[in-house]
>>> print(open('run_26.cif').read())   # mmCIF, C-alpha atoms
data_entry
loop_
_atom_site.label_atom_id
_atom_site.label_comp_id
_atom_site.auth_asym_id
_atom_site.auth_seq_id
_atom_site.Cartn_x
_atom_site.Cartn_y
_atom_site.Cartn_z
CA MET Y 267 0.00 0.00 0.00
CA LYS Y 268 2.85 2.37 0.81
CA LYS Y 269 4.39 1.81 -2.63
CA LEU Y 270 1.04 2.49 -4.30
CA LYS Y 271 0.81 5.80 -2.44
CA ILE Y 272 4.31 6.76 -3.63
CA ILE Y 273 3.34 5.97 -7.22
CA TYR Y 274 0.11 7.98 -6.89
CA ILE Y 275 1.90 11.01 -5.42
CA ILE Y 276 4.61 11.05 -8.12
CA CYS Y 277 2.10 10.67 -10.95
CA SER Y 278 -0.03 13.46 -9.47
CA ILE Y 279 2.98 15.78 -9.40
CA LEU Y 280 3.83 14.99 -13.01
CA LEU Y 281 0.27 15.55 -14.22
CA ALA Y 282 -0.07 18.80 -12.29
CA ALA Y 283 3.24 20.00 -13.69
CA SER Y 284 1.90 19.65 -17.22
CA GLN Y 285 -0.12 22.78 -16.46
CA TYR Y 286 3.03 24.69 -15.55
CA SER Y 287 2.76 28.17 -17.00
CA SER Y 288 6.34 28.40 -18.22
CA ALA Y 289 5.50 26.60 -21.49
CA GLY Y 290 5.18 29.75 -23.50
CA ALA Y 291 5.52 30.31 -27.20
CA ALA Y 292 8.76 29.50 -28.98
CA GLY Y 293 11.50 32.05 -28.41
CA THR Y 294 10.06 33.40 -25.14
CA THR Y 295 12.18 31.27 -22.80
CA SER Y 296 15.76 31.54 -21.57
CA PHE Y 297 18.44 28.84 -21.24
CA GLU Y 298 17.35 27.39 -24.60
CA PHE Y 299 20.41 25.10 -24.63
CA LEU Y 300 18.44 22.88 -22.24
CA ASN Y 301 16.38 21.77 -25.24
CA ILE Y 302 19.40 20.31 -27.06
CA PRO Y 303 19.38 16.51 -26.54
CA VAL Y 304 22.21 14.83 -24.68
CA GLY Y 305 23.88 11.60 -25.75
CA ALA Y 306 25.07 10.29 -29.11
CA ARG Y 307 23.23 6.99 -28.70
CA GLU Y 308 19.91 8.60 -27.82
CA SER Y 309 20.24 11.32 -30.46
CA GLY Y 310 20.82 8.67 -33.09
CA LEU Y 311 17.56 7.06 -32.02
CA GLY Y 312 15.68 10.35 -32.20
CA SER Y 313 13.77 9.46 -29.02
CA ALA Y 314 14.81 7.76 -25.81
CA SER Y 315 12.78 8.71 -22.72
CA ALA Y 316 11.99 5.01 -22.13
CA VAL Y 317 15.28 3.46 -23.32
CA ALA Y 318 18.06 5.91 -22.40
CA CYS Y 319 21.24 4.38 -20.97
CA GLY Y 320 22.43 5.19 -17.47
CA ALA Y 321 25.00 7.90 -18.24
CA ASN Y 322 22.58 9.97 -20.36
CA ALA Y 323 19.34 9.20 -18.50
CA PHE Y 324 19.49 12.46 -16.52
CA TRP Y 325 18.40 14.44 -19.62
CA TRP Y 326 15.87 12.02 -21.16
CA ASN Y 327 14.21 10.59 -18.07
CA PRO Y 328 15.87 10.56 -14.63
CA ALA Y 329 14.00 7.35 -13.73
CA LYS Y 330 16.07 5.35 -16.25
CA LEU Y 331 19.14 5.95 -14.11
CA ALA Y 332 17.69 3.33 -11.73
CA TYR Y 333 18.56 0.69 -14.37
CA LEU Y 334 22.29 1.45 -14.03
CA GLU Y 335 24.31 -1.76 -13.63
CA ARG Y 336 27.81 -0.47 -12.86
CA ASN Y 337 29.56 2.76 -11.93
CA THR Y 338 30.17 4.73 -15.12
CA ALA Y 339 32.34 7.70 -16.07
CA SER Y 340 31.43 9.40 -19.34
CA LEU Y 341 32.69 12.20 -21.60
CA ALA Y 342 30.79 13.76 -24.50
CA TYR Y 343 31.47 16.25 -27.26
CA ASN Y 344 28.76 17.86 -29.37
CA SER Y 345 29.79 19.83 -32.47
CA TRP Y 346 26.73 21.88 -33.40
CA PHE Y 347 26.47 24.27 -36.34
CA GLU Y 348 27.60 27.91 -36.65
CA GLY Y 349 30.40 27.53 -34.10
CA ILE Y 350 28.14 26.17 -31.36
CA GLY Y 351 29.56 23.36 -29.25
CA ARG Y 352 28.93 21.51 -26.03
CA GLN Y 353 31.03 19.34 -23.76
CA ARG Y 354 29.83 17.14 -20.92
CA ALA Y 355 31.49 15.14 -18.17
CA GLY Y 356 29.50 12.84 -15.92
CA TYR Y 357 29.79 10.17 -13.25
CA SER Y 358 27.01 7.69 -12.48
CA PHE Y 359 27.16 5.38 -9.47
CA LEU Y 360 25.18 2.66 -7.75
CA LEU Y 361 23.50 3.26 -4.37
CA PRO Y 362 21.87 0.87 -1.89
CA ASN Y 363 18.23 -0.21 -2.16
CA ARG Y 364 18.15 -0.53 -5.96
CA SER Y 365 19.04 3.15 -6.35
CA ALA Y 366 21.59 5.10 -8.38
CA GLY Y 367 22.94 8.64 -8.51
CA ALA Y 368 24.73 10.78 -11.10
CA ALA Y 369 26.52 14.12 -11.35
CA ASN Y 370 26.94 15.91 -14.68
CA LEU Y 371 28.57 19.14 -15.85
CA GLN Y 372 27.62 20.62 -19.23
CA ILE Y 373 29.38 23.53 -20.93
CA HIS Y 374 27.64 25.07 -23.92
CA SER Y 375 29.72 27.63 -25.84
CA VAL Y 376 29.24 29.84 -28.90
CA ARG Y 377 32.12 31.15 -31.01
CA GLY Y 378 32.24 33.86 -33.65
CA ILE Y 379 29.60 36.33 -32.38
CA ASP Y 380 30.58 39.72 -33.81
CA GLY Y 381 30.42 42.63 -31.39
CA TYR Y 382 29.48 46.26 -32.22
CA ASP Y 383 29.41 49.46 -30.18
CA TRP Y 384 26.50 51.92 -30.02
CA TYR Y 385 27.64 53.53 -33.27
CA GLY Y 386 27.75 50.27 -35.22
CA THR Y 387 31.53 50.06 -35.24
CA PRO Y 388 32.81 46.45 -35.11
CA THR Y 389 34.55 45.48 -31.87
CA SER Y 390 35.97 42.18 -30.64
CA GLU Y 391 33.98 38.95 -30.64
CA LEU Y 392 31.49 38.55 -27.81
CA LYS Y 393 31.85 35.84 -25.20
CA ALA Y 394 28.81 33.61 -24.82
CA ALA Y 395 28.46 30.42 -22.79
CA SER Y 396 26.00 28.43 -20.71
CA TYR Y 397 26.71 26.05 -17.84
CA ALA Y 398 24.61 23.37 -16.16
CA LEU Y 399 25.60 21.39 -13.08
CA SER Y 400 23.16 18.63 -12.16
CA TYR Y 401 22.60 15.85 -9.65
CA THR Y 402 20.27 12.95 -10.39
CA GLN Y 403 18.91 10.21 -8.15
CA ALA Y 404 16.59 7.35 -9.06
CA ARG Y 405 15.21 4.18 -7.52
CA ARG Y 406 13.46 1.02 -8.67
CA PHE Y 407 10.70 0.57 -6.10
CA THR Y 408 9.56 -2.69 -7.69
CA ASN Y 409 10.43 -4.67 -10.81
CA LEU Y 410 7.55 -2.81 -12.47
CA PHE Y 411 8.15 0.78 -11.40
CA ALA Y 412 11.03 3.27 -11.08
CA ALA Y 413 11.15 7.01 -10.40
CA GLY Y 414 13.83 9.67 -10.52
CA LEU Y 415 14.57 13.36 -9.96
CA ASN Y 416 17.21 15.61 -11.52
CA PHE Y 417 18.21 18.91 -9.90
CA LYS Y 418 20.32 21.44 -11.80
CA ALA Y 419 21.96 24.81 -11.30
CA LEU Y 420 22.23 26.95 -14.44
CA TYR Y 421 24.40 29.90 -15.40
CA GLU Y 422 24.38 31.85 -18.67
CA VAL Y 423 26.71 34.65 -19.73
CA LEU Y 424 26.80 37.00 -22.72
CA GLU Y 425 29.79 39.34 -22.55
CA ASN Y 426 29.19 41.34 -19.34
CA GLU Y 427 25.61 40.17 -18.74
CA ASN Y 428 24.68 36.97 -16.91
CA ALA Y 429 21.80 35.09 -15.37
CA PHE Y 430 21.30 32.25 -12.89
CA ALA Y 431 18.54 29.68 -12.63
CA ALA Y 432 17.57 26.54 -10.74
CA ALA Y 433 15.44 23.77 -12.23
CA ALA Y 434 14.34 20.19 -11.75
CA ASP Y 435 13.25 17.28 -13.92
CA ALA Y 436 11.12 14.34 -12.80
CA GLY Y 437 10.26 11.06 -14.44
CA VAL Y 438 8.81 7.61 -13.92
CA ILE Y 439 9.19 4.30 -15.74
CA PHE Y 440 6.61 1.50 -15.79
CA GLU Y 441 7.55 -1.99 -16.98
CA PRO Y 442 4.21 -3.86 -17.16
CA VAL Y 443 5.80 -6.82 -18.97
CA SER Y 444 9.38 -7.82 -19.59
CA SER Y 445 11.19 -5.66 -22.16
CA LEU Y 446 8.37 -3.09 -22.45
CA TRP Y 447 8.89 0.32 -20.82
CA LEU Y 448 6.47 3.22 -20.50
CA SER Y 449 7.85 6.64 -19.55
CA LEU Y 450 6.25 9.82 -18.20
CA GLY Y 451 7.81 13.01 -16.92
CA VAL Y 452 8.48 16.75 -16.99
CA ARG Y 453 11.59 18.80 -17.68
CA ASN Y 454 12.84 22.23 -16.57
CA LEU Y 455 10.51 23.04 -13.72
CA GLY Y 456 12.02 26.10 -12.07
CA ALA Y 457 12.72 29.80 -12.21
CA ALA Y 458 15.32 31.93 -13.99
CA GLY Y 459 16.78 35.24 -12.89
CA SER Y 460 16.72 38.35 -15.03
CA PHE Y 461 18.93 38.54 -18.11
CA ILE Y 462 19.67 42.03 -19.44
CA ASP Y 463 16.78 43.42 -17.34
CA GLU Y 464 14.29 40.86 -18.68
CA ASN Y 465 12.76 37.99 -16.74
CA GLU Y 466 12.23 35.00 -18.98
CA ARG Y 467 10.90 31.53 -18.32
CA LEU Y 468 12.69 28.21 -18.63
CA PRO Y 469 11.83 25.94 -21.60
CA PHE Y 470 9.40 23.64 -19.83
CA SER Y 471 8.28 20.40 -21.46
CA ALA Y 472 6.29 17.30 -20.56
CA PHE Y 473 6.88 13.93 -22.17
CA CYS Y 474 5.71 10.36 -22.46
CA GLY Y 475 7.30 7.50 -24.34
CA VAL Y 476 7.41 3.79 -25.13
CA GLY Y 477 10.37 1.46 -25.48
CA LEU Y 478 10.21 -2.14 -26.65
CA ARG Y 479 12.98 -4.74 -26.77
CA VAL Y 480 11.73 -6.96 -29.62
CA ASN Y 481 14.60 -9.41 -29.20
CA ARG Y 482 18.28 -9.25 -28.28
CA TYR Y 483 19.03 -7.69 -31.67
CA LEU Y 484 16.31 -5.03 -32.04
CA LEU Y 485 15.13 -2.15 -29.83
CA LEU Y 486 12.28 0.26 -30.70
CA SER Y 487 11.60 3.67 -29.15
CA SER Y 488 9.01 6.43 -29.48
CA ASP Y 489 8.37 9.73 -27.64
CA ILE Y 490 5.78 12.51 -27.51
CA TYR Y 491 6.77 15.91 -26.09
CA TYR Y 492 4.57 18.87 -25.20
CA THR Y 493 6.64 22.04 -25.44
CA ASP Y 494 6.20 25.58 -26.78
CA SER Y 495 2.41 25.01 -26.60
CA GLN Y 496 2.55 22.23 -29.18
CA PHE Y 497 3.11 18.49 -29.45
CA LYS Y 498 6.29 17.07 -30.97
CA TYR Y 499 7.12 13.50 -31.86
CA GLY Y 500 10.06 11.16 -32.32
CA ALA Y 501 10.72 7.49 -33.06
CA GLY Y 502 13.71 5.29 -33.78
CA LEU Y 503 15.30 1.86 -33.65
CA GLU Y 504 18.59 0.26 -32.64
CA ALA Y 505 20.00 -2.94 -34.10
CA GLY Y 506 22.79 -4.67 -32.20
CA LEU Y 507 25.13 -7.45 -33.28
CA TRP Y 508 26.80 -9.69 -30.68
CA ASP Y 509 26.53 -6.92 -28.05
CA LEU Y 510 29.49 -5.40 -29.87
CA ILE Y 511 28.31 -3.24 -32.80
CA PHE Y 512 25.16 -1.09 -32.84
CA VAL Y 513 23.44 0.76 -35.68
CA ARG Y 514 20.71 3.35 -35.04
CA GLY Y 515 18.27 5.48 -36.95
CA GLY Y 516 15.43 7.78 -36.00
CA TRP Y 517 13.23 10.73 -36.82
CA ASN Y 518 11.77 13.63 -34.83
CA ASN Y 519 10.35 17.10 -35.39
CA TRP Y 520 11.69 18.76 -32.24
CA ALA Y 521 13.75 21.47 -33.95
CA ASP Y 522 12.42 23.94 -36.54
CA LEU Y 523 15.65 23.68 -38.57
CA ASP Y 524 15.98 19.93 -38.17
CA ASP Y 525 15.66 17.78 -41.29
CA GLY Y 526 14.13 15.20 -38.97
CA PHE Y 527 16.28 12.16 -39.68
CA HIS Y 528 19.14 11.03 -37.44
CA LEU Y 529 21.71 8.29 -37.77
CA GLY Y 530 24.10 6.75 -35.27
CA ALA Y 531 26.44 3.90 -34.48
CA GLY Y 532 28.08 2.41 -31.41
CA TRP Y 533 30.89 0.06 -30.52
CA ARG Y 534 31.43 -1.78 -27.23
CA TYR Y 535 34.66 -3.44 -26.13
CA LYS Y 536 34.63 -4.96 -22.63
CA ASP Y 537 34.02 -1.98 -20.30
CA ILE Y 538 34.30 0.77 -22.93
CA MET Y 539 31.43 2.13 -25.03
CA LEU Y 540 31.93 4.56 -27.94
CA ASP Y 541 28.91 6.18 -29.63
CA TYR Y 542 28.47 8.58 -32.55
CA SER Y 543 25.43 10.32 -34.07
CA TYR Y 544 24.83 12.38 -37.21
CA SER Y 545 22.02 14.96 -37.39
CA PRO Y 546 21.48 17.22 -40.46
CA TYR Y 547 20.08 20.72 -39.91
CA ALA Y 548 19.25 21.86 -43.44
CA ASP Y 549 21.26 24.91 -44.53
CA MET Y 550 22.64 25.42 -41.02
CA GLY Y 551 24.92 22.39 -41.26
CA ILE Y 552 25.38 19.05 -39.53
CA ALA Y 553 25.55 18.23 -35.83
CA HIS Y 554 28.02 15.55 -34.73
CA ARG Y 555 27.99 13.94 -31.30
CA VAL Y 556 30.61 11.66 -29.81
CA ASP Y 557 30.30 9.93 -26.41
CA ILE Y 558 32.71 7.63 -24.63
CA SER Y 559 31.93 5.88 -21.37
CA PHE Y 560 33.88 3.61 -19.03
CA GLU Y 561 32.25 1.09 -16.71
CA PHE Y 562 34.09 -0.08 -13.62
CA GLY Y 563 33.57 -1.76 -10.28
CA GLU Y 564 32.21 -5.19 -9.51
CA LEU Y 565 29.21 -6.38 -11.49
CA PRO Y 566 25.98 -7.07 -9.58
CA MET Y 567 25.46 -10.77 -8.91
CA ILE Y 568 22.52 -10.98 -11.33
CA GLU Y 569 24.60 -9.49 -14.14
CA ARG Y 570 27.47 -11.90 -13.44
CA LEU Y 571 25.03 -14.80 -13.67
CA TYR Y 572 23.51 -13.37 -16.84
CA ARG Y 573 26.85 -12.91 -18.60
CA GLY Y 574 28.07 -16.31 -17.46
CA ALA Y 575 24.96 -17.96 -18.86
CA LYS Y 576 25.42 -16.17 -22.19
CA SER Y 577 29.01 -17.36 -22.35
CA LEU Y 578 27.90 -20.96 -21.74
CA TYR Y 579 25.30 -20.58 -24.46
CA SER Y 580 27.91 -19.27 -26.91
CA ASN Y 581 30.06 -22.31 -26.13
CA GLU Y 582 27.07 -24.60 -26.83
CA LYS Y 583 26.85 -25.76 -23.21
CA TYR Y 584 23.09 -25.38 -23.29
CA ARG Y 585 22.13 -27.43 -20.22
CA LYS Y 586 24.50 -25.49 -17.96
CA ALA Y 587 23.39 -22.22 -19.59
CA LEU Y 588 19.75 -23.02 -18.88
CA ILE Y 589 20.51 -23.60 -15.20
CA GLU Y 590 22.25 -20.22 -14.96
CA PHE Y 591 19.50 -18.42 -16.89
CA ASN Y 592 17.01 -19.91 -14.44
CA LYS Y 593 18.95 -18.38 -11.55
CA VAL Y 594 18.64 -14.98 -13.21
CA PHE Y 595 14.93 -15.54 -13.83
CA ALA Y 596 14.42 -16.45 -10.14
CA LEU Y 597 16.10 -13.20 -9.04
CA ASP Y 598 14.27 -10.96 -11.52
CA PRO Y 599 11.78 -12.27 -14.14
CA HIS Y 600 12.02 -8.89 -15.92
CA TYR Y 601 15.81 -8.76 -16.19
CA LYS Y 602 16.87 -7.77 -19.69
CA GLN Y 603 15.85 -10.40 -22.28
CA ILE Y 604 15.86 -13.32 -19.82
CA ARG Y 605 12.64 -14.93 -21.07
CA SER Y 606 13.89 -14.86 -24.63
CA TRP Y 607 17.17 -16.50 -23.59
CA LEU Y 608 15.30 -19.20 -21.67
CA GLU Y 609 13.15 -20.03 -24.67
CA LYS Y 610 16.08 -20.12 -27.10
CA THR Y 611 18.20 -22.26 -24.79
CA ASP Y 612 15.34 -24.69 -24.27
CA GLU Y 613 14.86 -24.94 -28.05
CA LYS Y 614 18.53 -25.82 -28.46
CA ILE Y 615 18.21 -28.59 -25.87
CA ARG Y 616 15.07 -29.96 -27.48
CA ASP Y 617 16.76 -29.91 -30.87
CA SER Y 618 19.50 -32.11 -29.48
CA GLN Y 619 17.15 -34.38 -27.49
CA SER Y 620 13.70 -34.59 -28.96
CA GLY Y 621 10.84 -34.38 -26.48
CA GLU Y 622 12.74 -32.89 -23.52
CA LEU Y 623 10.58 -30.51 -21.46
CA PRO Y 624 11.62 -26.94 -20.64
CA LEU Y 625 13.47 -27.00 -17.32
CA TYR Y 626 12.32 -23.52 -16.29
CA GLU Y 627 8.62 -24.32 -16.21
#
>>> encode(input="run_26.cif", output="structure tokens")
Amino acid sequence: MKKLKIIYIICSILLAASQYSSAGAAGTTSFEFLNIPVGARESGLGSASAVACGANAFWWNPAKLAYLERNTASLAYNSWFEGIGRQRAGYSFLLPNRSAGAANLQIHSVRGIDGYDWYGTPTSELKAASYALSYTQARRFTNLFAAGLNFKALYEVLENENAFAAAADAGVIFEPVSSLWLSLGVRNLGAAGSFIDENERLPFSAFCGVGLRVNRYLLLSSDIYYTDSQFKYGAGLEAGLWDLIFVRGGWNNWADLDDGFHLGAGWRYKDIMLDYSYSPYADMGIAHRVDISFEFGELPMIERLYRGAKSLYSNEKYRKALIEFNKVFALDPHYKQIRSWLEKTDEKIRDSQSGELPLYE
């Protein structure tokens, strides 16, 4: 009953926040860099509120951080168009009670802004930059439900003018059946200080999304955002080969200049993950994102069992693999693609010995 009350309270907050008055018309908000997606993997998908990975979950849906498996350090570089760039450094870590936390620093800079005095005479280039320091915490309350919050301090400077702001994001994840995730949340709830004698609002948005792991090779994702008093959409897919190489593609209409289509690729080697995404922006140019992340620390017991079972399966030791997969299933029936692995392993055994019953039933 207590868990149901927690779920009810969080959902009520999210629904009430959708009425937040800061969702004004386009161009009437400050700290617009908050609308630029984080993460090469997720940007390649075009949508990821239900399927974001741990290191980048703080931007897409803080609740997804609760699915973190190991401590992770990550670095990201985003080459935007017209001299706009962004760098990010983050650290995500496991906490007790099926919880996880993360700290991230983003630096958004603009080069090549020509300066002029009151008489129109050219001066030196203007300095412009935005900074965001955030802390995220999330928890899986049950195998079916997770929630998370992201708090951030913001600072923006244009030559001799500056502004401060504080904001928060909130999100939940529901997993009604294995490998199906439903997301719901809000972004940029908060208040900004004055900037050049003008008080502007933060770029608030509300979102919901769906993620589906079709099998161990294919992942589907779709999002709906409500921002700038209008609905925006995105969808994409990820195909993985041997948990080593990943290819991604997606579409969304979030940006007015965006051509809509995004492409991406990823490569994993042991504890290192390298991701890249390509996003065309019509005449403005092309945005490139590169992320690299490092996992470290001891694996959770369930992940050790899971990887061990997959190794046995790869070596065609199907009976031993089935025993280990069953241990994973007993700990968490919703863990990754465990049901799919059980079925495939059982099929292999039955192929070798006709009529043998599934051992996990």
>>> closest_residue(input="run_26.cif", among="Y:Asp598, Y:Asp557, Y:Glu298, Y:Asp537", to="Ser444 in chain Y", atoms="only C-alpha atoms")
Y:Asp598
>>> resolve_selection(input="run_26.cif", expression="the PyMOL selection byres ((chain Y and resi 526) around 12)", output="ChimeraX atom specification")
/Y:309-313,498-502,515-525,527-529,544-548,552
>>> residues_around(input="run_26.cif", residues="Ala369 in chain Y", least_positions_apart="4", cutoff="7 Å", atoms="all atoms listed in the file", output="list in words")
Gly356, Tyr357, Ser358, Ser400, Tyr401 and Thr402 of chain Y
>>> residues_near_point(input="run_26.cif", point="(7.9, -1.1, -13.9)", cutoff="7 Å", atoms="all atoms listed in the file", output="ChimeraX atom specification")
/Y:408-412,439-442
>>> residues_around(input="run_26.cif", residues="Ala505 in chain Y", least_positions_apart="2", cutoff="12 Å", atoms="all atoms listed in the file", output="list of chain:residue names")
Y:Arg307, Y:Gly310, Y:Leu311, Y:Arg479, Y:Val480, Y:Asn481, Y:Arg482, Y:Tyr483, Y:Leu484, Y:Leu485, Y:Leu486, Y:Ser487, Y:Gly502, Y:Leu503, Y:Leu507, Y:Trp508, Y:Asp509, Y:Leu510, Y:Ile511, Y:Phe512, Y:Val513, Y:Arg514, Y:Gly515, Y:Gly516, Y:Leu529, Y:Gly530, Y:Ala531, Y:Gly532, Y:Trp533
>>> atom_distance(input="run_26.cif", atom1="CA of Ala394 in chain Y", atom2="CA of Ser375 in chain Y")
6.1 Å
>>> atom_distance(input="run_26.cif", atom1="CA of Ser471 in chain Y", atom2="CA of Ala432 in chain Y")
15.5 Å
>>> resolve_selection(input="run_26.cif", expression="the PyMOL selection byres ((chain Y and resi 436) around 6)", output="mmCIF file with C-alpha atoms, in the frame of the given file")
data_model
loop_
_atom_site.group_PDB
_atom_site.id
_atom_site.type_symbol
_atom_site.label_atom_id
_atom_site.label_comp_id
_atom_site.auth_asym_id
_atom_site.auth_seq_id
_atom_site.Cartn_x
_atom_site.Cartn_y
_atom_site.Cartn_z
ATOM 1 C CA GLY Y 414 13.830 9.670 -10.520
ATOM 2 C CA LEU Y 415 14.570 13.360 -9.960
ATOM 3 C CA ASP Y 435 13.250 17.280 -13.920
ATOM 4 C CA GLY Y 437 10.260 11.060 -14.440
ATOM 5 C CA GLY Y 451 7.810 13.010 -16.920
ATOM 6 C CA VAL Y 452 8.480 16.750 -16.990
#
>>> resolve_selection(input="run_26.cif", expression="the PyMOL selection byres ((chain Y and resi 422) around 10)", output="JSON, numbers by chain")
{"Y": [296, 297, 299, 373, 374, 375, 394, 395, 396, 397, 398, 420, 421, 423, 424, 427, 428, 429, 430, 431, 461]}
>>> build_atoms(input="run_26.cif", residues="range 467-484 of chain Y", atoms="N, CA and C atoms", output="PDB file, in the frame of the given file")
ATOM      1  N   ARG Y 467      11.214  32.822 -18.914  1.00  0.00           N
ATOM      2  CA  ARG Y 467      10.900  31.530 -18.320  1.00  0.00           C
ATOM      3  C   ARG Y 467      11.778  30.428 -18.914  1.00  0.00           C
ATOM      4  N   LEU Y 468      11.925  29.342 -18.155  1.00  0.00           N
ATOM      5  CA  LEU Y 468      12.690  28.210 -18.630  1.00  0.00           C
ATOM      6  C   LEU Y 468      11.878  27.416 -19.660  1.00  0.00           C
ATOM      7  N   PRO Y 469      12.547  26.692 -20.553  1.00  0.00           N
ATOM      8  CA  PRO Y 469      11.830  25.940 -21.600  1.00  0.00           C
ATOM      9  C   PRO Y 469      11.215  24.654 -21.075  1.00  0.00           C
ATOM     10  N   PHE Y 470      10.087  24.792 -20.417  1.00  0.00           N
ATOM     11  CA  PHE Y 470       9.400  23.640 -19.830  1.00  0.00           C
ATOM     12  C   PHE Y 470       8.893  22.688 -20.898  1.00  0.00           C
ATOM     13  N   SER Y 471       8.898  21.395 -20.582  1.00  0.00           N
ATOM     14  CA  SER Y 471       8.280  20.400 -21.460  1.00  0.00           C
ATOM     15  C   SER Y 471       7.802  19.219 -20.639  1.00  0.00           C
ATOM     16  N   ALA Y 472       6.782  18.546 -21.139  1.00  0.00           N
ATOM     17  CA  ALA Y 472       6.290  17.300 -20.560  1.00  0.00           C
ATOM     18  C   ALA Y 472       6.417  16.216 -21.616  1.00  0.00           C
ATOM     19  N   PHE Y 473       6.651  14.986 -21.192  1.00  0.00           N
ATOM     20  CA  PHE Y 473       6.880  13.930 -22.170  1.00  0.00           C
ATOM     21  C   PHE Y 473       6.274  12.608 -21.728  1.00  0.00           C
ATOM     22  N   CYS Y 474       6.037  11.752 -22.706  1.00  0.00           N
ATOM     23  CA  CYS Y 474       5.710  10.360 -22.460  1.00  0.00           C
ATOM     24  C   CYS Y 474       6.347   9.546 -23.585  1.00  0.00           C
ATOM     25  N   GLY Y 475       6.627   8.294 -23.333  1.00  0.00           N
ATOM     26  CA  GLY Y 475       7.300   7.500 -24.340  1.00  0.00           C
ATOM     27  C   GLY Y 475       7.112   6.012 -24.132  1.00  0.00           C
ATOM     28  N   VAL Y 476       7.489   5.253 -25.153  1.00  0.00           N
ATOM     29  CA  VAL Y 476       7.410   3.790 -25.130  1.00  0.00           C
ATOM     30  C   VAL Y 476       8.702   3.220 -25.657  1.00  0.00           C
ATOM     31  N   GLY Y 477       9.202   2.192 -25.005  1.00  0.00           N
ATOM     32  CA  GLY Y 477      10.370   1.460 -25.480  1.00  0.00           C
ATOM     33  C   GLY Y 477      10.066  -0.021 -25.495  1.00  0.00           C
ATOM     34  N   LEU Y 478      10.497  -0.714 -26.526  1.00  0.00           N
ATOM     35  CA  LEU Y 478      10.210  -2.140 -26.650  1.00  0.00           C
ATOM     36  C   LEU Y 478      11.461  -2.873 -27.125  1.00  0.00           C
ATOM     37  N   ARG Y 479      11.904  -3.850 -26.348  1.00  0.00           N
ATOM     38  CA  ARG Y 479      12.980  -4.740 -26.770  1.00  0.00           C
ATOM     39  C   ARG Y 479      12.333  -5.924 -27.477  1.00  0.00           C
ATOM     40  N   VAL Y 480      12.365  -5.909 -28.820  1.00  0.00           N
ATOM     41  CA  VAL Y 480      11.730  -6.960 -29.620  1.00  0.00           C
ATOM     42  C   VAL Y 480      12.447  -8.287 -29.411  1.00  0.00           C
ATOM     43  N   ASN Y 481      13.758  -8.255 -29.491  1.00  0.00           N
ATOM     44  CA  ASN Y 481      14.600  -9.410 -29.200  1.00  0.00           C
ATOM     45  C   ASN Y 481      15.984  -8.862 -28.851  1.00  0.00           C
ATOM     46  N   ARG Y 482      16.961  -9.745 -28.707  1.00  0.00           N
ATOM     47  CA  ARG Y 482      18.280  -9.250 -28.280  1.00  0.00           C
ATOM     48  C   ARG Y 482      18.985  -8.451 -29.357  1.00  0.00           C
ATOM     49  N   TYR Y 483      18.420  -8.427 -30.566  1.00  0.00           N
ATOM     50  CA  TYR Y 483      19.030  -7.690 -31.670  1.00  0.00           C
ATOM     51  C   TYR Y 483      18.353  -6.346 -31.951  1.00  0.00           C
ATOM     52  N   LEU Y 484      17.084  -6.185 -31.588  1.00  0.00           N
ATOM     53  CA  LEU Y 484      16.310  -5.030 -32.040  1.00  0.00           C
ATOM     54  C   LEU Y 484      15.600  -4.330 -30.887  1.00  0.00           C
TER      55      LEU Y 484
END
